[in-house]
Amino acid sequence: MKIAVIGSKGLPAAQGGIERHCEEIYARLVRLGHAVDIYARSTYTRPAAAGHYECQGVRVFPLPGVPVKGFDALWTSALGTLWACLRRYDIVHFHAVGPALFSALPRLLSPARVVVTCHGLDWQRSKWSRAASALLHQGERNGVHFAHELIVVSQELQSYFAATYGRTPVYIPNAAASICESDPDFPFVASLGLCPGRYLLFVGRLVPEKRPDLLIEAFKALKPEGWQLVIVGGSSDTGAYAAELARLGEGGGVHFCGQLGGANLAEMIRGAGLFVLPSDLEGLPLVMLEAMQECVPVVASDLPVHQQLTYGGRGLLFAAGDAEACRNSLQWAIEHPQQLAAMARSARRYVRIHHDWDRIAEQTLQVYRTLLERTRPDPLQLSVQTDSPSALNK
């Protein structure tokens with residue numbers, strides 16, 4: 001089977017949930033004998049002029065980008081889609097609703113089966129302008145109308161598409177990445193003046209919808225003795241917001257570590273006393289799964305996807321957007337270490353059973369196989385059948 005992937009920044013995955021998702025799945029499919037090409041961004045990987053390269057058997061094609069906020073992703077997605085139409089693939093798989101803006105092209109111009117995975121409702125993210133949000137929302141609609149199959153990474157997203165468009169996607173969750181080995185003596189953590197087990201950890205892009213500002217506010221109001229707050233992550237076209245966070249965290253035991261990876265990030269996660277995710281918007285957060293996998297207690301906002309992950313006492317939730325509720329939950333967690341440890345053990349068992357990359361790769365492959373077993377329609381006839389999602393899904 002030949003598979004083209006549109007929407008990933010590239011491999012190896014230095015940052016970003018979609019990149020880690022693609023690295024885990026497609027490396028496995030290559031080992032099973034399938035050919036996978038990822039059309040990537042040269043701004044993330046290497047210069048386009050250097051040509052394609054391989055990462056764990058996956059061929060990565062860097063495409064020339066443009067240094068314009070938000071436009072680089074759409075531009076490289078458009079170029080990648082055109083290349084995919086010119087080459088003969090069995091599957092063209094779009095990851096995220098922005099790239100899905102171009103999902104009509106392979107549906108109409110090639111014999112490939114088109115798959116779209118929605119990792120989150122990106123058009124709701126506050127960093128986008130009204131025009132950019134409208135484009136992303138249209139990408140979502142295009143994915144619904146032109147994809148032979150839709151995949152979503154959470155039950156909340158599955159319910160959203162069913163209610164909004166009358167089309168129920170396939171639910172295939174994400175899983176935790178297998179983070180690398182780290183020094184059990186925590187030298188990197190110690191070098192930052194931190195004590196293992198005595199700091200709260202936030203890991204994620206410094207963007208408004210992830211609410212690190214709310215976490216800093218709650219932490220500074222609580223002032224837990226002997227505890228510190230660590231913020232790991234870089235800006236995502238949000239330099240002004242990141243600067244505002246730095247000002248907010250001054251003089252309050254808040255450490256900004258920037259973007260970390262490899263053994264340093266693994267050590268930081270394993271040494272955390274609490275992992276906190278106060279987001280207003282999430283798809284299915286891989287970093288939260290990684291913390292749960294490492295038996296780190298989790299405190300998170302009460303988004304439906306967080307409720308799904310922590311159901312049955314696998315973590316502690318607070319009302320999204322409520323700094324006082326966040327402060328109260330942090331205080332309870334710090335004062336009840338034994339209960340939190342039990343929650344963490346339950347969460348680790350859950351993740352190991354239900355969020356396994358081998359299982360997820362097989363489920364994705366089964367979607368591809370099912371589509372290829374169907375009789376291929378005439379692409380030219382599809383241009384008059386785009387009024388309803390159901391017509392295109394037959």
# chains A, B, ... in the order shown; residues from 1 in each chain; ligands from 1
>>> closest_atom_pairs(of="range 93-178 of chain A", to="range 297-304 of chain A", cutoff="12 Å", atoms="only C-alpha atoms", output="CSV")
residue,atom,partner,partner_atom,distance
A:Ser154,CA,A:Pro304,CA,9.2
A:Gln155,CA,A:Pro304,CA,8.6
A:Glu156,CA,A:Pro304,CA,6.3
A:Leu157,CA,A:Pro304,CA,9.6
A:Gln158,CA,A:Pro304,CA,11.7
A:Ser159,CA,A:Pro304,CA,10.8
A:Tyr160,CA,A:Pro304,CA,11.4
>>> select_by_dssp(residues="range 17-125 of chain A", states="strand (DSSP E)", output="list of chain:residue names")
A:Ala35, A:Val36, A:Asp37, A:Ile38, A:Tyr39, A:Ala40, A:Arg41, A:Tyr53, A:Glu54, A:Cys55, A:Val58, A:Arg59, A:Val60, A:Phe61, A:Pro62, A:Leu63, A:Ile91, A:Val92, A:His93, A:Phe94, A:His95, A:Arg113, A:Val114, A:Val115, A:Val116, A:Thr117, A:Cys118
>>> closest_atom_pairs(of="range 136-229 of chain A", to="range 248-258 of chain A", cutoff="12 Å", atoms="only C-alpha atoms", output="Markdown table")
| residue | atom | partner | partner_atom | distance |
| --- | --- | --- | --- | --- |
| A:Phe188 | CA | A:Cys257 | CA | 11.3 |
| A:Val189 | CA | A:Cys257 | CA | 10.6 |
| A:Ser191 | CA | A:Cys257 | CA | 11.7 |
| A:Leu192 | CA | A:His255 | CA | 8.5 |
| A:Gly193 | CA | A:His255 | CA | 9.6 |
| A:Leu194 | CA | A:His255 | CA | 9.3 |
| A:Arg198 | CA | A:Gly253 | CA | 11.8 |
| A:Tyr199 | CA | A:Val254 | CA | 9.7 |
| A:Leu200 | CA | A:Val254 | CA | 9.5 |
| A:Leu201 | CA | A:His255 | CA | 9.7 |
| A:Phe202 | CA | A:Phe256 | CA | 9.8 |
| A:Val203 | CA | A:Gly258 | CA | 9.6 |
| A:Gly204 | CA | A:Gly258 | CA | 9.9 |
| A:Arg205 | CA | A:Gly258 | CA | 9.6 |
| A:Leu206 | CA | A:Gly258 | CA | 9.5 |
| A:Pro212 | CA | A:Gly249 | CA | 10.1 |
| A:Asp213 | CA | A:Leu248 | CA | 7.4 |
| A:Leu214 | CA | A:Leu248 | CA | 10.0 |
| A:Leu215 | CA | A:Gly249 | CA | 10.0 |
| A:Ile216 | CA | A:Gly249 | CA | 6.4 |
| A:Glu217 | CA | A:Leu248 | CA | 7.8 |
| A:Ala218 | CA | A:Gly252 | CA | 11.0 |
| A:Phe219 | CA | A:Gly252 | CA | 8.3 |
| A:Lys220 | CA | A:Gly252 | CA | 5.9 |
| A:Ala221 | CA | A:Gly252 | CA | 9.4 |
| A:Leu222 | CA | A:Gly252 | CA | 10.4 |
| A:Lys223 | CA | A:Gly252 | CA | 7.9 |
| A:Pro224 | CA | A:Gly253 | CA | 9.8 |
| A:Glu225 | CA | A:Gly253 | CA | 10.2 |
| A:Gly226 | CA | A:Gly253 | CA | 9.6 |
| A:Trp227 | CA | A:Gly253 | CA | 7.9 |
| A:Gln228 | CA | A:Gly253 | CA | 5.2 |
| A:Leu229 | CA | A:Val254 | CA | 4.8 |
>>> write_last_selection(atoms="C-alpha atoms", output="PDB file, in the first residue's frame")
ATOM      1  CA  PHE A 188      19.009  18.200  34.857  1.00  0.00           C
ATOM      2  CA  VAL A 189      16.146  18.894  37.260  1.00  0.00           C
ATOM      3  CA  SER A 191      20.637  21.962  37.758  1.00  0.00           C
ATOM      4  CA  LEU A 192      17.550  24.184  37.557  1.00  0.00           C
ATOM      5  CA  GLY A 193      17.273  24.392  41.333  1.00  0.00           C
ATOM      6  CA  LEU A 194      14.281  22.034  41.419  1.00  0.00           C
ATOM      7  CA  ARG A 198       8.170  19.063  44.519  1.00  0.00           C
ATOM      8  CA  TYR A 199       7.195  20.963  41.406  1.00  0.00           C
ATOM      9  CA  LEU A 200       4.102  21.395  39.261  1.00  0.00           C
ATOM     10  CA  LEU A 201       4.690  20.867  35.550  1.00  0.00           C
ATOM     11  CA  PHE A 202       3.009  22.388  32.510  1.00  0.00           C
ATOM     12  CA  VAL A 203       4.140  21.192  29.067  1.00  0.00           C
ATOM     13  CA  GLY A 204       2.680  22.670  25.908  1.00  0.00           C
ATOM     14  CA  ARG A 205       2.737  25.478  23.396  1.00  0.00           C
ATOM     15  CA  LEU A 206       2.508  28.905  25.005  1.00  0.00           C
ATOM     16  CA  PRO A 212      -0.682  28.702  31.364  1.00  0.00           C
ATOM     17  CA  ASP A 213      -1.618  32.218  32.561  1.00  0.00           C
ATOM     18  CA  LEU A 214      -4.433  30.767  34.670  1.00  0.00           C
ATOM     19  CA  LEU A 215      -2.064  28.168  36.147  1.00  0.00           C
ATOM     20  CA  ILE A 216       0.500  30.833  37.050  1.00  0.00           C
ATOM     21  CA  GLU A 217      -2.234  32.932  38.664  1.00  0.00           C
ATOM     22  CA  ALA A 218      -3.517  29.974  40.694  1.00  0.00           C
ATOM     23  CA  PHE A 219      -0.017  28.918  41.759  1.00  0.00           C
ATOM     24  CA  LYS A 220       0.977  32.406  42.891  1.00  0.00           C
ATOM     25  CA  ALA A 221      -2.274  32.714  44.858  1.00  0.00           C
ATOM     26  CA  LEU A 222      -1.665  29.355  46.552  1.00  0.00           C
ATOM     27  CA  LYS A 223       2.040  29.897  47.317  1.00  0.00           C
ATOM     28  CA  PRO A 224       2.607  26.242  48.335  1.00  0.00           C
ATOM     29  CA  GLU A 225       5.621  26.004  50.630  1.00  0.00           C
ATOM     30  CA  GLY A 226       8.521  24.119  49.095  1.00  0.00           C
ATOM     31  CA  TRP A 227       6.859  23.805  45.681  1.00  0.00           C
ATOM     32  CA  GLN A 228       7.722  25.467  42.372  1.00  0.00           C
ATOM     33  CA  LEU A 229       6.012  25.738  39.004  1.00  0.00           C
TER      34      LEU A 229
END
>>> closest_residue(among="A:Gly10, A:Pro64, A:Ser279, A:Pro169", to="Ala323 in chain A", atoms="only C-alpha atoms")
A:Ser279
>>> residues_around(residues="Gly315 in chain A", least_positions_apart="2", cutoff="12 Å", atoms="only C-alpha atoms", output="PyMOL selection string")
chain A and resi 274-277+288-289+291-292+295-302+306-313+317-318+329-330+333+339-348+350
>>> residues_around(residues="range 356-360 of chain A", least_positions_apart="6", cutoff="7 Å", atoms="only C-alpha atoms", output="ChimeraX atom specification")
/A:24-25,172,175
>>> write_last_selection(atoms="C-alpha atoms", output="PDB file, in the first residue's frame")
ATOM      1  CA  GLU A  24       4.512   6.502  15.853  1.00  0.00           C
ATOM      2  CA  ILE A  25       1.906   5.259  13.349  1.00  0.00           C
ATOM      3  CA  ILE A 172      -9.133   6.095  16.998  1.00  0.00           C
ATOM      4  CA  ALA A 175      -1.404   7.202  22.651  1.00  0.00           C
TER       5      ALA A 175
END
>>> closest_residue(among="A:Phe186, A:Asn174, A:Ala132, A:Val367", to="Arg352 in chain A", atoms="only C-alpha atoms")
A:Asn174
>>> residues_around(residues="Pro196 in chain A", least_positions_apart="6", cutoff="10 Å", atoms="only C-alpha atoms", output="NGL selection string")
:A and (185-187 or 189-190 or 267-273)
>>> atom_distance(atom1="CA of Ser8 in chain A", atom2="CA of Ala40 in chain A")
6.0 Å
>>> closest_atom_pairs(of="range 292-385 of chain A", to="range 88-102 of chain A", cutoff="10 Å", atoms="only C-alpha atoms", output="Markdown table")
| residue | atom | partner | partner_atom | distance |
| --- | --- | --- | --- | --- |
| A:Tyr368 | CA | A:Ile91 | CA | 7.0 |
| A:Arg369 | CA | A:Ile91 | CA | 9.7 |
| A:Leu371 | CA | A:Ile91 | CA | 8.9 |
| A:Leu372 | CA | A:Asp90 | CA | 7.6 |
>>> closest_residue(among="A:Lys9, A:Arg167, A:His137, A:Arg247", to="Leu121 in chain A", atoms="only C-alpha atoms")
A:His137
>>> closest_residue(among="A:Glu181, A:Glu244, A:Glu294, A:Asp72", to="Arg41 in chain A", atoms="only C-alpha atoms")
A:Asp72
>>> atom_distance(atom1="CA of Val144 in chain A", atom2="CA of Arg20 in chain A")
24.2 Å
>>> residues_around(residues="Gln124 in chain A", least_positions_apart="4", cutoff="12 Å", atoms="only C-alpha atoms", output="short mmCIF file (atom, residue, chain, number, x, y, z; two decimals) with N, CA and C atoms, in the first residue's frame")
data_model
loop_
_atom_site.label_atom_id
_atom_site.label_comp_id
_atom_site.auth_asym_id
_atom_site.auth_seq_id
_atom_site.Cartn_x
_atom_site.Cartn_y
_atom_site.Cartn_z
N VAL A 97 -7.65 19.90 10.37
CA VAL A 97 -8.69 20.47 9.51
C VAL A 97 -8.16 21.53 8.57
N GLY A 98 -7.03 22.19 8.90
CA GLY A 98 -6.46 23.17 7.99
C GLY A 98 -6.04 22.54 6.67
N GLY A 120 -8.39 18.11 16.52
CA GLY A 120 -8.96 19.16 17.36
C GLY A 120 -9.62 20.20 16.47
N TRP A 128 -5.77 32.66 16.11
CA TRP A 128 -6.08 32.92 14.71
C TRP A 128 -6.96 34.16 14.55
N SER A 129 -6.74 34.87 13.45
CA SER A 129 -7.61 35.98 13.09
C SER A 129 -8.96 35.43 12.64
N ARG A 130 -9.92 36.33 12.46
CA ARG A 130 -11.24 35.89 12.01
C ARG A 130 -11.16 35.22 10.63
N ALA A 132 -8.50 33.69 9.27
CA ALA A 132 -7.83 32.39 9.39
C ALA A 132 -8.77 31.35 10.00
N SER A 133 -9.54 31.75 11.00
CA SER A 133 -10.50 30.82 11.62
C SER A 133 -11.54 30.36 10.60
N ALA A 134 -11.97 31.29 9.75
CA ALA A 134 -12.96 30.94 8.72
C ALA A 134 -12.38 29.92 7.74
N LEU A 135 -11.11 30.09 7.36
CA LEU A 135 -10.47 29.12 6.46
C LEU A 135 -10.37 27.75 7.11
N LEU A 136 -9.97 27.73 8.37
CA LEU A 136 -9.86 26.46 9.08
C LEU A 136 -11.22 25.77 9.22
N HIS A 137 -12.24 26.57 9.49
CA HIS A 137 -13.60 26.02 9.60
C HIS A 137 -14.05 25.44 8.26
N GLU A 140 -12.57 22.09 7.79
CA GLU A 140 -13.36 21.07 8.49
C GLU A 140 -14.53 20.61 7.62
N PRO A 208 -2.84 31.05 24.21
CA PRO A 208 -3.88 31.40 25.18
C PRO A 208 -4.83 30.27 25.55
N GLU A 209 -5.20 29.42 24.57
CA GLU A 209 -6.20 28.40 24.88
C GLU A 209 -5.68 27.31 25.81
N ASP A 280 -8.39 25.42 27.86
CA ASP A 280 -9.79 25.67 27.48
C ASP A 280 -10.17 24.86 26.25
N LEU A 281 -9.19 24.34 25.52
CA LEU A 281 -9.45 23.62 24.27
C LEU A 281 -8.38 22.56 24.08
N GLU A 282 -8.80 21.32 23.82
CA GLU A 282 -7.87 20.22 23.54
C GLU A 282 -8.53 19.23 22.59
N GLY A 283 -7.69 18.52 21.83
CA GLY A 283 -8.17 17.39 21.05
C GLY A 283 -8.06 16.16 21.94
#
>>> select_by_dssp(residues="range 10-219 of chain A", states="alpha helix (DSSP H)", output="PyMOL selection string")
chain A and resi 17-31+71-86+104-109+130-146+155-165+187-191+212-219
>>> residues_around(residues="Thr370 in chain A", least_positions_apart="5", cutoff="12 Å", atoms="only C-alpha atoms", output="PyMOL selection string")
chain A and resi 90-91+113+115+148-149+363-365+375-376
>>> decode(residues="range 151-188 of chain A", atoms="C-alpha atoms", output="CSV table (one decimal), in the first residue's frame")
chain,number,residue,atom,x,y,z
A,151,ILE,CA,-11.1,9.8,11.9
A,152,VAL,CA,-11.2,11.6,15.2
A,153,VAL,CA,-9.0,11.2,18.3
A,154,SER,CA,-11.6,11.7,21.1
A,155,GLN,CA,-15.1,10.7,21.8
A,156,GLU,CA,-16.0,14.4,22.2
A,157,LEU,CA,-14.9,15.1,18.6
A,158,GLN,CA,-16.9,12.0,17.4
A,159,SER,CA,-20.0,13.4,19.1
A,160,TYR,CA,-19.4,16.9,17.6
A,161,PHE,CA,-19.2,15.7,14.0
A,162,ALA,CA,-22.3,13.5,14.4
A,163,ALA,CA,-24.3,16.3,15.9
A,164,THR,CA,-23.0,19.0,13.5
A,165,TYR,CA,-22.8,17.2,10.2
A,166,GLY,CA,-24.8,14.0,10.7
A,167,ARG,CA,-21.7,12.0,9.9
A,168,THR,CA,-20.1,9.8,12.6
A,169,PRO,CA,-16.4,9.4,12.2
A,170,VAL,CA,-14.2,6.5,13.2
A,171,TYR,CA,-12.8,7.0,16.7
A,172,ILE,CA,-9.1,6.1,17.0
A,173,PRO,CA,-7.4,7.6,20.0
A,174,ASN,CA,-3.9,8.9,20.4
A,175,ALA,CA,-1.4,7.2,22.7
A,176,ALA,CA,1.5,8.3,24.8
A,177,ALA,CA,4.9,8.4,23.1
A,178,SER,CA,7.5,6.1,24.6
A,179,ILE,CA,9.7,8.8,26.1
A,180,CYS,CA,13.4,8.1,26.3
A,181,GLU,CA,15.4,6.9,29.2
A,182,SER,CA,16.6,9.5,31.7
A,183,ASP,CA,19.0,9.7,34.6
A,184,PRO,CA,17.3,8.4,37.8
A,185,ASP,CA,19.3,10.9,39.9
A,186,PHE,CA,17.6,13.8,38.1
A,187,PRO,CA,20.8,15.9,37.4
A,188,PHE,CA,19.0,18.2,34.9
